[in-house]
Each structure stands twice: as C-alpha cells, then as structure tokens.
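A.B. asks: Below is coords.txt; it holds compact mmCIF, N, CA and C atoms.
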```txt
# COMPACT_ATOMS: atom_id res chain seq x y z
N MET A 270 155.11 118.25 60.60
CA MET A 270 153.97 117.40 60.89
C MET A 270 152.70 118.20 60.61
N SER A 271 151.82 117.61 59.81
CA SER A 271 150.55 118.29 59.51
C SER A 271 149.58 118.10 60.67
N ILE A 272 148.54 118.92 60.66
CA ILE A 272 147.55 118.83 61.73
C ILE A 272 146.91 117.45 61.80
N ARG A 273 146.71 116.81 60.66
CA ARG A 273 146.07 115.48 60.64
C ARG A 273 146.98 114.39 61.17
N ASP A 274 148.28 114.64 61.21
CA ASP A 274 149.21 113.65 61.74
C ASP A 274 149.25 113.66 63.27
N LYS A 275 148.67 114.66 63.86
CA LYS A 275 148.69 114.78 65.31
C LYS A 275 147.70 113.81 65.94
N ILE A 276 148.16 113.10 66.93
CA ILE A 276 147.36 112.07 67.60
C ILE A 276 146.72 112.65 68.85
N ILE A 277 145.50 112.22 69.11
CA ILE A 277 144.79 112.55 70.35
C ILE A 277 144.74 111.27 71.17
N LEU A 278 145.17 111.34 72.41
CA LEU A 278 145.02 110.20 73.32
C LEU A 278 143.83 110.50 74.22
N LEU A 279 142.79 109.70 74.09
CA LEU A 279 141.60 109.82 74.92
C LEU A 279 141.65 108.73 75.97
N VAL A 280 141.72 109.13 77.24
CA VAL A 280 141.78 108.16 78.34
C VAL A 280 140.42 108.22 79.02
N GLU A 281 139.60 107.22 78.72
CA GLU A 281 138.19 107.24 79.13
C GLU A 281 137.69 105.81 79.33
N ASP A 282 137.13 105.53 80.49
CA ASP A 282 136.63 104.19 80.77
C ASP A 282 135.14 104.04 80.49
N ASN A 283 134.42 105.14 80.32
CA ASN A 283 132.99 105.07 80.07
C ASN A 283 132.75 104.96 78.56
N PRO A 284 132.19 103.82 78.09
CA PRO A 284 132.00 103.65 76.64
C PRO A 284 131.09 104.71 76.03
N ASP A 285 130.11 105.19 76.78
CA ASP A 285 129.22 106.24 76.24
C ASP A 285 129.98 107.55 76.05
N ASP A 286 130.80 107.93 77.03
CA ASP A 286 131.59 109.17 76.91
C ASP A 286 132.64 109.03 75.80
N GLU A 287 133.22 107.84 75.67
CA GLU A 287 134.18 107.59 74.59
C GLU A 287 133.50 107.79 73.23
N ALA A 288 132.35 107.17 73.05
CA ALA A 288 131.62 107.29 71.79
C ALA A 288 131.21 108.73 71.52
N LEU A 289 130.75 109.44 72.55
CA LEU A 289 130.36 110.84 72.38
C LEU A 289 131.55 111.70 71.97
N ALA A 290 132.70 111.48 72.59
CA ALA A 290 133.88 112.28 72.26
C ALA A 290 134.31 112.04 70.82
N ILE A 291 134.35 110.78 70.41
CA ILE A 291 134.76 110.47 69.04
C ILE A 291 133.74 111.00 68.04
N ARG A 292 132.47 110.86 68.36
CA ARG A 292 131.42 111.41 67.49
C ARG A 292 131.53 112.93 67.38
N ALA A 293 131.79 113.59 68.51
CA ALA A 293 131.91 115.05 68.52
C ALA A 293 133.11 115.50 67.69
N LEU A 294 134.22 114.78 67.79
CA LEU A 294 135.40 115.13 66.98
C LEU A 294 135.07 115.02 65.49
N LYS A 295 134.49 113.89 65.10
CA LYS A 295 134.16 113.68 63.68
C LYS A 295 133.12 114.68 63.20
N ARG A 296 132.13 114.94 64.03
CA ARG A 296 131.08 115.89 63.67
C ARG A 296 131.67 117.28 63.42
N ASN A 297 132.74 117.59 64.10
CA ASN A 297 133.39 118.89 63.95
C ASN A 297 134.60 118.84 63.00
N HIS A 298 134.65 117.78 62.19
CA HIS A 298 135.67 117.62 61.14
C HIS A 298 137.09 117.56 61.69
N ILE A 299 137.23 117.04 62.89
CA ILE A 299 138.55 116.81 63.47
C ILE A 299 138.83 115.33 63.24
N MET A 300 139.59 115.04 62.18
CA MET A 300 139.76 113.67 61.71
C MET A 300 141.08 113.04 62.15
N ASN A 301 141.69 113.61 63.16
CA ASN A 301 142.94 113.06 63.67
C ASN A 301 142.73 111.67 64.23
N GLU A 302 143.82 110.90 64.24
CA GLU A 302 143.76 109.58 64.86
C GLU A 302 143.50 109.77 66.35
N VAL A 303 142.55 109.00 66.87
CA VAL A 303 142.25 109.01 68.30
C VAL A 303 142.61 107.63 68.84
N VAL A 304 143.57 107.62 69.75
CA VAL A 304 143.94 106.39 70.45
C VAL A 304 143.17 106.43 71.76
N VAL A 305 142.47 105.34 72.06
CA VAL A 305 141.68 105.27 73.30
C VAL A 305 142.33 104.31 74.27
N ALA A 306 142.55 104.79 75.48
CA ALA A 306 142.98 103.95 76.59
C ALA A 306 141.82 103.90 77.56
N HIS A 307 141.48 102.70 78.02
CA HIS A 307 140.29 102.53 78.85
C HIS A 307 140.56 102.57 80.34
N ASP A 308 141.82 102.69 80.72
CA ASP A 308 142.18 102.84 82.13
C ASP A 308 143.57 103.45 82.22
N GLY A 309 143.99 103.77 83.42
CA GLY A 309 145.27 104.43 83.60
C GLY A 309 146.46 103.58 83.22
N VAL A 310 146.38 102.28 83.46
CA VAL A 310 147.49 101.39 83.11
C VAL A 310 147.68 101.37 81.60
N GLU A 311 146.58 101.26 80.85
CA GLU A 311 146.67 101.25 79.39
C GLU A 311 147.23 102.58 78.87
N ALA A 312 146.84 103.69 79.47
CA ALA A 312 147.36 105.00 79.07
C ALA A 312 148.87 105.07 79.30
N LEU A 313 149.32 104.65 80.47
CA LEU A 313 150.75 104.68 80.78
C LEU A 313 151.53 103.73 79.86
N ASP A 314 150.97 102.55 79.60
CA ASP A 314 151.62 101.62 78.67
C ASP A 314 151.79 102.26 77.30
N TYR A 315 150.75 102.93 76.81
CA TYR A 315 150.82 103.59 75.51
C TYR A 315 151.90 104.68 75.51
N LEU A 316 151.87 105.53 76.51
CA LEU A 316 152.78 106.68 76.54
C LEU A 316 154.24 106.27 76.74
N PHE A 317 154.47 105.21 77.51
CA PHE A 317 155.85 104.81 77.80
C PHE A 317 156.31 103.60 76.99
N GLY A 318 155.43 103.07 76.11
CA GLY A 318 155.82 101.96 75.26
C GLY A 318 156.08 100.69 76.03
N THR A 319 155.19 100.38 76.97
CA THR A 319 155.33 99.17 77.77
C THR A 319 154.10 98.28 77.57
N GLY A 320 154.11 97.10 78.18
CA GLY A 320 152.96 96.20 78.09
C GLY A 320 152.61 95.89 76.64
N THR A 321 151.32 95.99 76.31
CA THR A 321 150.87 95.67 74.95
C THR A 321 151.40 96.67 73.92
N TYR A 322 151.92 97.80 74.38
CA TYR A 322 152.48 98.81 73.49
C TYR A 322 154.02 98.78 73.49
N GLY A 323 154.59 97.63 73.88
CA GLY A 323 156.04 97.50 74.01
C GLY A 323 156.82 97.81 72.75
N SER A 324 156.21 97.65 71.58
CA SER A 324 156.94 97.90 70.33
C SER A 324 156.60 99.28 69.73
N ARG A 325 155.81 100.08 70.44
CA ARG A 325 155.42 101.39 69.93
C ARG A 325 156.59 102.37 69.96
N ASP A 326 156.70 103.19 68.92
CA ASP A 326 157.73 104.22 68.85
C ASP A 326 157.30 105.38 69.75
N THR A 327 157.93 105.49 70.91
CA THR A 327 157.52 106.50 71.88
C THR A 327 158.05 107.90 71.55
N THR A 328 158.81 108.03 70.46
CA THR A 328 159.19 109.38 70.04
C THR A 328 157.99 110.08 69.39
N LEU A 329 156.97 109.32 69.00
CA LEU A 329 155.74 109.87 68.44
C LEU A 329 154.69 109.91 69.54
N GLN A 330 154.59 111.05 70.19
CA GLN A 330 153.66 111.20 71.30
C GLN A 330 152.43 111.98 70.85
N PRO A 331 151.32 111.83 71.58
CA PRO A 331 150.11 112.56 71.20
C PRO A 331 150.28 114.07 71.32
N ALA A 332 149.52 114.79 70.49
CA ALA A 332 149.53 116.25 70.54
C ALA A 332 148.82 116.73 71.79
N VAL A 333 147.84 115.94 72.24
CA VAL A 333 147.10 116.27 73.45
C VAL A 333 146.54 114.99 74.06
N ILE A 334 146.46 114.99 75.38
CA ILE A 334 145.87 113.88 76.12
C ILE A 334 144.61 114.41 76.79
N LEU A 335 143.48 113.77 76.49
CA LEU A 335 142.21 114.09 77.15
C LEU A 335 142.03 113.02 78.23
N LEU A 336 142.20 113.40 79.46
CA LEU A 336 142.33 112.47 80.58
C LEU A 336 141.18 112.57 81.56
N ASP A 337 140.45 111.47 81.71
CA ASP A 337 139.42 111.39 82.73
C ASP A 337 140.12 111.15 84.07
N LEU A 338 139.49 111.54 85.16
CA LEU A 338 140.09 111.32 86.48
C LEU A 338 139.67 110.01 87.11
N LYS A 339 138.41 109.67 86.98
CA LYS A 339 137.87 108.48 87.64
C LYS A 339 138.06 107.27 86.73
N LEU A 340 139.22 106.62 86.86
CA LEU A 340 139.59 105.49 86.00
C LEU A 340 139.86 104.25 86.84
N PRO A 341 139.64 103.08 86.27
CA PRO A 341 140.01 101.85 86.98
C PRO A 341 141.53 101.62 86.94
N ARG A 342 141.98 100.80 87.84
CA ARG A 342 143.37 100.35 88.00
C ARG A 342 144.31 101.48 88.42
N VAL A 343 144.49 102.50 87.63
CA VAL A 343 145.29 103.68 88.01
C VAL A 343 144.45 104.90 87.65
N ASP A 344 144.18 105.76 88.65
CA ASP A 344 143.30 106.90 88.37
C ASP A 344 144.04 108.01 87.60
N GLY A 345 143.28 108.97 87.12
CA GLY A 345 143.83 110.04 86.29
C GLY A 345 144.86 110.90 87.00
N ILE A 346 144.67 111.13 88.29
CA ILE A 346 145.64 111.93 89.06
C ILE A 346 147.00 111.23 89.07
N GLU A 347 146.99 109.91 89.26
CA GLU A 347 148.25 109.16 89.28
C GLU A 347 148.87 109.11 87.88
N VAL A 348 148.06 109.00 86.84
CA VAL A 348 148.58 109.05 85.47
C VAL A 348 149.28 110.39 85.25
N LEU A 349 148.64 111.47 85.63
CA LEU A 349 149.21 112.80 85.48
C LEU A 349 150.51 112.93 86.27
N ARG A 350 150.52 112.42 87.49
CA ARG A 350 151.73 112.48 88.33
C ARG A 350 152.90 111.78 87.62
N ARG A 351 152.64 110.59 87.10
CA ARG A 351 153.71 109.83 86.44
C ARG A 351 154.19 110.51 85.16
N LEU A 352 153.27 111.13 84.43
CA LEU A 352 153.66 111.85 83.22
C LEU A 352 154.58 113.01 83.55
N ARG A 353 154.24 113.74 84.57
CA ARG A 353 155.02 114.93 84.92
C ARG A 353 156.36 114.59 85.57
N GLU A 354 156.50 113.38 86.10
CA GLU A 354 157.76 112.96 86.72
C GLU A 354 158.78 112.48 85.70
N ASP A 355 158.36 112.21 84.48
CA ASP A 355 159.24 111.61 83.48
C ASP A 355 159.63 112.65 82.43
N GLU A 356 160.92 112.75 82.15
CA GLU A 356 161.44 113.73 81.19
C GLU A 356 160.78 113.58 79.81
N ARG A 357 160.47 112.34 79.42
CA ARG A 357 159.92 112.10 78.08
C ARG A 357 158.50 112.62 77.91
N THR A 358 157.77 112.77 79.01
CA THR A 358 156.35 113.11 78.91
C THR A 358 155.95 114.33 79.73
N LYS A 359 156.87 114.92 80.43
CA LYS A 359 156.49 115.98 81.36
C LYS A 359 155.90 117.22 80.70
N LEU A 360 156.17 117.44 79.41
CA LEU A 360 155.65 118.62 78.74
C LEU A 360 154.45 118.33 77.85
N LEU A 361 154.00 117.08 77.80
CA LEU A 361 152.84 116.76 76.96
C LEU A 361 151.61 117.51 77.45
N PRO A 362 150.84 118.11 76.55
CA PRO A 362 149.62 118.79 76.96
C PRO A 362 148.58 117.79 77.49
N VAL A 363 148.11 118.04 78.70
CA VAL A 363 147.10 117.19 79.33
C VAL A 363 145.90 118.03 79.70
N VAL A 364 144.75 117.65 79.14
CA VAL A 364 143.49 118.29 79.47
C VAL A 364 142.68 117.30 80.29
N ILE A 365 142.36 117.68 81.51
CA ILE A 365 141.50 116.85 82.34
C ILE A 365 140.08 117.06 81.81
N LEU A 366 139.44 115.96 81.43
CA LEU A 366 138.07 115.99 80.91
C LEU A 366 137.27 115.05 81.80
N THR A 367 136.50 115.63 82.71
CA THR A 367 135.91 114.84 83.79
C THR A 367 134.53 115.34 84.17
N THR A 368 133.79 114.50 84.85
CA THR A 368 132.51 114.92 85.41
C THR A 368 132.69 115.45 86.84
N SER A 369 133.89 115.28 87.39
CA SER A 369 134.13 115.68 88.78
C SER A 369 134.00 117.19 88.96
N ASN A 370 133.25 117.56 89.97
CA ASN A 370 133.18 118.98 90.34
C ASN A 370 133.78 119.18 91.73
N GLU A 371 134.61 118.22 92.14
CA GLU A 371 135.25 118.33 93.45
C GLU A 371 136.45 119.27 93.36
N GLU A 372 136.47 120.25 94.24
CA GLU A 372 137.54 121.24 94.24
C GLU A 372 138.91 120.59 94.40
N ARG A 373 139.00 119.55 95.23
CA ARG A 373 140.31 118.92 95.46
C ARG A 373 140.83 118.25 94.20
N ASP A 374 139.93 117.70 93.34
CA ASP A 374 140.37 117.11 92.07
C ASP A 374 140.96 118.19 91.17
N MET A 375 140.30 119.34 91.14
CA MET A 375 140.80 120.45 90.31
C MET A 375 142.15 120.95 90.85
N LEU A 376 142.25 121.14 92.15
CA LEU A 376 143.50 121.61 92.75
C LEU A 376 144.63 120.61 92.54
N ASN A 377 144.35 119.32 92.75
CA ASN A 377 145.37 118.29 92.52
C ASN A 377 145.82 118.27 91.07
N SER A 378 144.87 118.39 90.16
CA SER A 378 145.20 118.35 88.73
C SER A 378 146.11 119.52 88.34
N TYR A 379 145.75 120.71 88.78
CA TYR A 379 146.57 121.87 88.44
C TYR A 379 147.92 121.83 89.15
N SER A 380 147.94 121.38 90.39
CA SER A 380 149.21 121.34 91.11
C SER A 380 150.17 120.32 90.49
N LEU A 381 149.63 119.31 89.82
CA LEU A 381 150.47 118.33 89.14
C LEU A 381 150.80 118.73 87.71
N GLY A 382 150.28 119.85 87.27
CA GLY A 382 150.69 120.37 85.97
C GLY A 382 149.77 120.09 84.80
N CYS A 383 148.48 119.88 85.05
CA CYS A 383 147.58 119.74 83.90
C CYS A 383 147.52 121.09 83.19
N ASN A 384 147.22 121.07 81.91
CA ASN A 384 147.16 122.30 81.13
C ASN A 384 145.78 122.93 81.14
N SER A 385 144.78 122.12 81.42
CA SER A 385 143.40 122.61 81.43
C SER A 385 142.53 121.61 82.18
N TYR A 386 141.45 122.11 82.75
CA TYR A 386 140.50 121.27 83.50
C TYR A 386 139.12 121.61 82.96
N VAL A 387 138.49 120.62 82.32
CA VAL A 387 137.19 120.84 81.69
C VAL A 387 136.19 119.84 82.26
N ARG A 388 135.08 120.36 82.74
CA ARG A 388 134.00 119.47 83.19
C ARG A 388 133.17 119.07 81.98
N LYS A 389 132.89 117.77 81.89
CA LYS A 389 132.09 117.27 80.77
C LYS A 389 130.66 117.78 80.91
N PRO A 390 130.19 118.51 79.90
CA PRO A 390 128.78 118.89 79.93
C PRO A 390 127.89 117.66 79.74
N VAL A 391 126.73 117.67 80.35
CA VAL A 391 125.80 116.54 80.23
C VAL A 391 125.11 116.56 78.87
N ASP A 392 124.77 117.72 78.38
CA ASP A 392 124.08 117.89 77.11
C ASP A 392 125.02 117.59 75.94
N PHE A 393 124.56 116.78 74.96
CA PHE A 393 125.44 116.40 73.85
C PHE A 393 125.91 117.60 73.05
N LEU A 394 125.05 118.55 72.76
CA LEU A 394 125.47 119.70 71.96
C LEU A 394 126.55 120.52 72.67
N GLN A 395 126.39 120.69 73.98
CA GLN A 395 127.42 121.40 74.75
C GLN A 395 128.72 120.59 74.80
N PHE A 396 128.58 119.27 74.97
CA PHE A 396 129.75 118.39 74.98
C PHE A 396 130.46 118.46 73.64
N SER A 397 129.69 118.41 72.56
CA SER A 397 130.24 118.48 71.21
C SER A 397 131.00 119.79 71.00
N GLU A 398 130.44 120.88 71.47
CA GLU A 398 131.08 122.18 71.33
C GLU A 398 132.36 122.24 72.16
N ALA A 399 132.34 121.68 73.35
CA ALA A 399 133.55 121.65 74.19
C ALA A 399 134.66 120.85 73.50
N ILE A 400 134.32 119.71 72.92
CA ILE A 400 135.30 118.88 72.22
C ILE A 400 135.82 119.62 70.99
N ARG A 401 134.94 120.30 70.27
CA ARG A 401 135.36 121.07 69.09
C ARG A 401 136.39 122.12 69.48
N GLN A 402 136.07 122.86 70.54
CA GLN A 402 136.99 123.92 70.98
C GLN A 402 138.32 123.35 71.45
N LEU A 403 138.27 122.25 72.20
CA LEU A 403 139.51 121.61 72.65
C LEU A 403 140.34 121.16 71.46
N GLY A 404 139.69 120.50 70.50
CA GLY A 404 140.40 120.03 69.32
C GLY A 404 141.03 121.15 68.53
N MET A 405 140.26 122.19 68.28
CA MET A 405 140.77 123.32 67.51
C MET A 405 141.94 124.00 68.22
N TYR A 406 141.81 124.19 69.51
CA TYR A 406 142.88 124.86 70.24
C TYR A 406 144.15 124.00 70.27
N TRP A 407 144.04 122.77 70.77
CA TRP A 407 145.23 121.95 71.02
C TRP A 407 145.87 121.42 69.75
N LEU A 408 145.08 121.24 68.69
CA LEU A 408 145.64 120.69 67.46
C LEU A 408 146.03 121.77 66.46
N LEU A 409 145.35 122.89 66.48
CA LEU A 409 145.58 123.91 65.46
C LEU A 409 146.29 125.15 65.99
N MET A 410 145.85 125.66 67.12
CA MET A 410 146.37 126.94 67.61
C MET A 410 147.57 126.82 68.54
N ASN A 411 147.57 125.81 69.39
CA ASN A 411 148.63 125.66 70.39
C ASN A 411 149.99 125.39 69.73
N GLU A 412 151.01 126.06 70.22
CA GLU A 412 152.38 125.79 69.80
C GLU A 412 153.03 124.91 70.86
N PRO A 413 153.30 123.65 70.52
CA PRO A 413 153.91 122.76 71.51
C PRO A 413 155.37 123.12 71.75
N PRO A 414 155.92 122.67 72.88
CA PRO A 414 157.34 122.92 73.12
C PRO A 414 158.16 122.15 72.07
N PRO A 415 159.32 122.67 71.70
CA PRO A 415 160.15 121.96 70.71
C PRO A 415 160.58 120.61 71.26
N SER A 416 160.62 119.60 70.37
CA SER A 416 161.09 118.30 70.84
C SER A 416 162.60 118.32 70.94
N LYS A 417 163.08 117.58 71.91
CA LYS A 417 164.52 117.51 72.13
C LYS A 417 165.13 116.55 71.11
N ALA A 418 166.21 116.92 70.53
CA ALA A 418 166.93 116.02 69.62
C ALA A 418 167.75 115.06 70.46
N ASN A 419 167.56 113.79 70.21
CA ASN A 419 168.29 112.77 70.98
C ASN A 419 169.49 112.29 70.23
```
Show me the file's structure as structure tokens.

C.D. replies:
Amino acid sequence: MSIRDKIILLVEDNPDDEALAIRALKRNHIMNEVVVAHDGVEALDYLFGTGTYGSRDTTLQPAVILLDLKLPRVDGIEVLRRLREDERTKLLPVVILTTSNEERDMLNSYSLGCNSYVRKPVDFLQFSEAIRQLGMYWLLMNEPPPSKAN
C-alpha cells in the first residue's frame, strides 16, 4: 500500500475545525483521502461497517484516526473505548485532537489506549504545523502493526 492509499479518518463536529484540518493537510501536500465523521455514531458506523456504511469493506481501515473528544451523540472517549474493545480495531492508531485542556480527558484518553493527545492550537499556522507533523508521522514514518490474515 502506497502512502497515498492510506486513509485518514477525521472525527470532528466543528465545521471550521474540519475545514482547517483539511486545508492544513492539503497545504502541506498530504493528499490522502480524508473521511470525515461528524459525530461518534458516524465514526463507529464507518469503522465497523454499520448504518450508512453497511456495505463498506471494513478490512480497509484508516491509517490514523484524528478524534475530537467533544462530539454529539457519542463522545470521543466512548468511541475510543469501543475501538479498543473490538479485535478488529483495537490496534488502529488514534490521535486525540481536541481543544480540551482537562487533565481527566487526557488521563481517560491514555488509559483507554490513545496513541497521542494533541491540543488544537488556536492560531492557524500553529494548527497547520501540528497537522503537518501528525500527517508526516502517522502516514510516512509510523510502522503499523501487521494485519492479521483471515
């Protein structure tokens, strides 16, 4: 699989933050497909091939999930919990990308197995740089666990 074939799942309910993240990726020449889920239910449906994603091939999972915590319907902590409880998704790289500076959110995220916790910078240039670094690391440098042959 080439680097461009790797999918990024962005779980973000704020349209401004969604647009900024996609703009930052493109600005930094990270042209991977970005699937956007606007709440926790949509993210879980995508990852597990349920609901509107019922016909999706779930053997093709994202290379990285950028997960906001403050989401409608199902929050990011619960999304992370469900991912880590399921054999099919427990090893997927999850980066918490949030405005939360609450210590308990960070502790909960790490205790549930997130791979990284990043606070969204308010400044666009800093946000763009954070997205560039995340993209370069998770798509180019990180070695994912081997997929299990079924």

A.B. asks: What does the structure give for the distance between CA of Leu408 in chain A and CA of Glu372 in chain A, in Å to one decimal?

C.D. replies: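 Answer for the CA of Leu408 in chain A to CA of Glu372 in chain A separation: 28.0 Å.
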
A.B. asks: Which neighbours of range 313-327 of chain A fall inside 8 Å, counting all atoms listed in the file, when residues of the same chain fewer than 6 positions from it are skipped, and could you give them as number ranges by chain?

C.D. replies: A: 306, 348, 352, 357-358

A.B. asks: Name all residues at most 7 Å from Leu294 in chain A (count only N, CA and C atoms; drop same-chain ones fewer than 4 positions away) and give them as JSON, numbers by chain.

C.D. replies: {"A": [289, 290, 298, 299, 300, 397, 400, 401]}

A.B. asks: Could you state the separation of atom C of Ile277 in chain A and CA of Leu338 in chain A in Å, given to one decimal place?

C.D. replies: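 If I compute the distance from atom C of Ile277 in chain A to CA of Leu338 in chain A, I get 16.0 Å.
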
A.B. asks: One decimal, in Å: what's the spacing between atom N of Leu278 in chain A and CA of Pro331 in chain A?

C.D. replies: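 According to the coordinates, atom N of Leu278 in chain A and CA of Pro331 in chain A are separated by 5.2 Å.
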
A.B. asks: Given the choices A:Cys383, A:Lys275, A:Arg292, A:Leu376, which gets closest to Lys359 in chain A if the distance is worked out from only C-alpha atoms?

C.D. replies: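 Among the listed residues, the smallest separation from Lys359 in chain A belongs to A:Cys383.
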
A.B. asks: Calculated over all atoms listed in the file, which of the candidates A:Arg350, A:Glu287, A:Glu398, A:Asp337 has the smallest distance to Thr368 in chain A?

C.D. replies: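 Once distances to Thr368 in chain A are computed over all atoms listed in the file, the minimum belongs to A:Asp337.
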
A.B. asks: What's around Ile365 in chain A at 7 Å? Count all atoms listed in the file, leave out sequence neighbours fewer than 5 positions away in its own chain, and write the answer as a ChimeraX atom specification.

C.D. replies: /A:334-338,383-388

A.B. asks: What lies within 8 Å of Lys389 in chain A using only C-alpha atoms, ignoring chain neighbours under 5 positions off, as JSON, numbers by chain?

C.D. replies: {"A": [366, 367, 368, 396]}

A.B. asks: Show which residues sit within 8 Å of Pro413 in chain A, as number ranges by chain. Count only N, CA and C atoms, and ignore same-chain residues fewer than 4 positions away.

C.D. replies: A: 332, 360, 362, 407

A.B. asks: My list of candidates is A:Asp344, A:Glu371, A:Asn297, A:Thr328. Which is closest to Gly309 in chain A when distances are computed with all atoms listed in the file?

C.D. replies: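 When distances to Gly309 in chain A are compared using all atoms listed in the file, the smallest one comes from A:Asp344.
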
A.B. asks: Using all atoms listed in the file, can you tell me which of A:Val303, A:Leu340, A:Val333, A:Val363 comes closest to Glu281 in chain A?

C.D. replies: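 When distances to Glu281 in chain A are compared using all atoms listed in the file, the smallest one comes from A:Leu340.
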
A.B. asks: Run DSSP on the backbone of this structure and report the residues of range 294-379 of chain A it assigns to helix (DSSP H, G or I), as a PyMOL selection string.

C.D. replies: chain A and resi 294-296+309-317+320-322+345-354+372-379

A.B. asks: With distances taken over all atoms listed in the file, which of A:Leu394, A:Ile346, A:Ala399, A:Met410 is nearest to Leu381 in chain A?

C.D. replies: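 Smallest separation from Leu381 in chain A among the options: A:Ile346.
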
A.B. asks: Out of range 279-417 of chain A, which residues get strand (DSSP E) from DSSP, as a list in words?

C.D. replies: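 Across range 279-417 of chain A, those assigned strand (DSSP E) are Leu279, Val280, Val303, Val304, Val305, Ala306, Val333, Ile334, Leu335, Leu336, Val363, Val364, Ile365, Leu366, Thr367, Ser385, Tyr386, Val387 and Arg388 of chain A.
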